[in-house]
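Remarks on the structure that follows.
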Amino acid sequence: KAGVTQTPRYLIKTRGQQVTLSCSPISGHRSVSWYQQTPGQGLQFLFEYFSETQRNKGNFPGRFSGRQFSNSRSEMNVSTLELGDSALYLCASSLATGPTDTQYFGPGTRLTVL
Amino acid sequence: QKEVEQNSGPLSVPEGAIASLNCTYSDRVSQSFFWYRQYSGKSPELIMSIYSNGDKEDGRFTAQLNKASQYVSLLIRDSQPSDSATYLCAVNLHLGGGATNKLIFGTGTLLAVQP
């Protein structure tokens, strides 16, 4: 079974631009979560989508948004990029079975903001 | 107080030794706990999950959970140089009555296995 895939793998943008990252979950997985990883803050939860609805959201500004499609694929968007948005953005998918649900991570998208 | 705390290390152990990685968490309603391994420049890879008090073994790995002490650990037996990586402890906060996913990660412990 194919794992979580993310595109693009690397991205370079300039301040003020916007960016869209894509995530395809493992087949059959219905929940998709997004995380930001930086050297200073570590891994931080951005948001989770299930059945095309955002179920939970982390403490990030409104510039960070996402959506999920009917086939469970998800995208996240960052508008008005800032230098501090440079990070590894990770997508994780899970079956959404309840308290024992396990998330599996994709390879990530490395975003550099200049 | 951070929600999930780990010693950042580095933890250096000789090849063949037991590596012991520890994690404490602050939220008593947490229900599921995970250990992920992350090699430099790569994404986190699931090593172990544990949901009930006690020990859970999988090959060279043993996870231990003590909910009363809000403590979870990972033991790696017969450590190999290939085990050198950052080990991330993660706690899943299940919110409300539904099954939502919000992993809270510790900062990770860097393990170095010396040949």
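The chains in the structure tokens are called A, B, ... from first to last as shown; in each chain the residues are counted from 1, and the ligands are counted from 1 in the order shown.
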List as a list of chain:residue names the protein and nucleic acid residues near A:Arg9, meaning an atom at most 7 Å away when only C-alpha atoms are counted, but skip any in the same chain fewer than 2 places from it.
A:Gln6, A:Thr7, A:Leu11, A:Gly108, A:Thr109, A:Arg110
Please produce an output containing N, CA and C atoms for each residue in the selection, written as a PDB file, in the first residue's frame.
ATOM      1  N   GLN A   6       3.261  13.803  -0.543  1.00  0.00           N
ATOM      2  CA  GLN A   6       3.126  15.247  -0.453  1.00  0.00           C
ATOM      3  C   GLN A   6       3.828  15.887  -1.640  1.00  0.00           C
ATOM      4  N   THR A   7       3.186  16.914  -2.168  1.00  0.00           N
ATOM      5  CA  THR A   7       3.795  17.666  -3.260  1.00  0.00           C
ATOM      6  C   THR A   7       3.593  19.147  -3.036  1.00  0.00           C
ATOM      7  N   LEU A  11      10.087  23.932  -1.946  1.00  0.00           N
ATOM      8  CA  LEU A  11       9.447  25.139  -2.451  1.00  0.00           C
ATOM      9  C   LEU A  11      10.209  26.348  -1.937  1.00  0.00           C
ATOM     10  N   GLY A 108       6.944  15.197   3.708  1.00  0.00           N
ATOM     11  CA  GLY A 108       7.027  16.615   4.020  1.00  0.00           C
ATOM     12  C   GLY A 108       7.309  17.490   2.810  1.00  0.00           C
ATOM     13  N   THR A 109       6.964  18.750   2.960  1.00  0.00           N
ATOM     14  CA  THR A 109       7.318  19.781   1.992  1.00  0.00           C
ATOM     15  C   THR A 109       8.200  20.787   2.698  1.00  0.00           C
ATOM     16  N   ARG A 110       9.396  20.984   2.176  1.00  0.00           N
ATOM     17  CA  ARG A 110      10.331  21.958   2.751  1.00  0.00           C
ATOM     18  C   ARG A 110      10.082  23.300   2.098  1.00  0.00           C
TER      19      ARG A 110
END
Chain A contacts to chain B at 10 Å (only C-alpha atoms) as an MDAnalysis selection string:
chainID A and resid 31:35 37 39:50 54:58 88:94 96:110
From chain B, collect each residue whose DSSP state is strand (DSSP E or B) and return the set as a PyMOL selection string.
chain B and resi 4-6+11-14+19-25+32-38+45-50+54-58+61-66+71-76+85-92+103-105+109-114
Could you tell me how far atom CA of B:Val29 lies from atom CA of B:Ser73, in Å and to one decimal?
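One can read the atom CA of B:Val29 to atom CA of B:Ser73 distance as 18.0 Å.
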Of the listed residues A:Val4, A:Phe60, A:Glu75, A:Asp85, that which approaches A:His29 most closely, counting only C-alpha atoms
A:Val4
Please list as a count of residues only every residue within 7 Å of A:Phe64, counting only C-alpha atoms and excluding residues in the same chain fewer than 5 positions away.
3
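Shell of B:Gly54 at 7 Å, with only C-alpha atoms counted and residues fewer than 6 places along the chain excluded, is Gln64, Leu65 and Asn66 of chain B.
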Produce a file of the selected residues containing all heavy atoms, as a tab-separated table (two decimals), in the first residue's frame.
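So the final result, stored in out06.tsv, reads:
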chain	number	residue	atom	x	y	z
B	64	GLN	N	6.75	1.75	27.57
B	64	GLN	CA	6.19	1.62	28.92
B	64	GLN	C	5.32	2.84	29.20
B	64	GLN	O	5.73	3.97	28.93
B	64	GLN	CB	7.32	1.52	29.95
B	64	GLN	CG	8.24	0.33	29.75
B	64	GLN	CD	9.43	0.35	30.69
B	64	GLN	OE1	10.05	1.38	30.91
B	64	GLN	NE2	9.75	-0.81	31.25
B	65	LEU	N	4.14	2.59	29.75
B	65	LEU	CA	3.22	3.68	30.06
B	65	LEU	C	2.78	3.60	31.51
B	65	LEU	O	2.37	2.53	31.97
B	65	LEU	CB	2.00	3.63	29.12
B	65	LEU	CG	0.88	4.63	29.39
B	65	LEU	CD1	1.38	6.07	29.25
B	65	LEU	CD2	-0.30	4.36	28.47
B	66	ASN	N	2.81	4.72	32.18
B	66	ASN	CA	2.31	4.84	33.55
B	66	ASN	C	1.44	6.08	33.60
B	66	ASN	O	1.94	7.21	33.72
B	66	ASN	CB	3.48	4.94	34.54
B	66	ASN	CG	3.00	4.97	35.98
B	66	ASN	OD1	1.96	5.55	36.30
B	66	ASN	ND2	3.76	4.35	36.87
Which residue, B:Ser40, B:Asn53, B:Thr86, B:Asn7, has the smallest gap to B:Ser69 when you use only C-alpha atoms?
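For B:Ser69, the nearest of the candidates is B:Asn53.
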Enter the distance from atom CA of B:Pro115 to atom CA of B:Pro81, in Å, rounded to one decimal.
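Spanning atom CA of B:Pro115 to atom CA of B:Pro81 is a straight-line distance of 6.2 Å.
Coordinates place atom CA of B:Ile18 at a distance of 10.7 Å from atom CA of B:Thr62.
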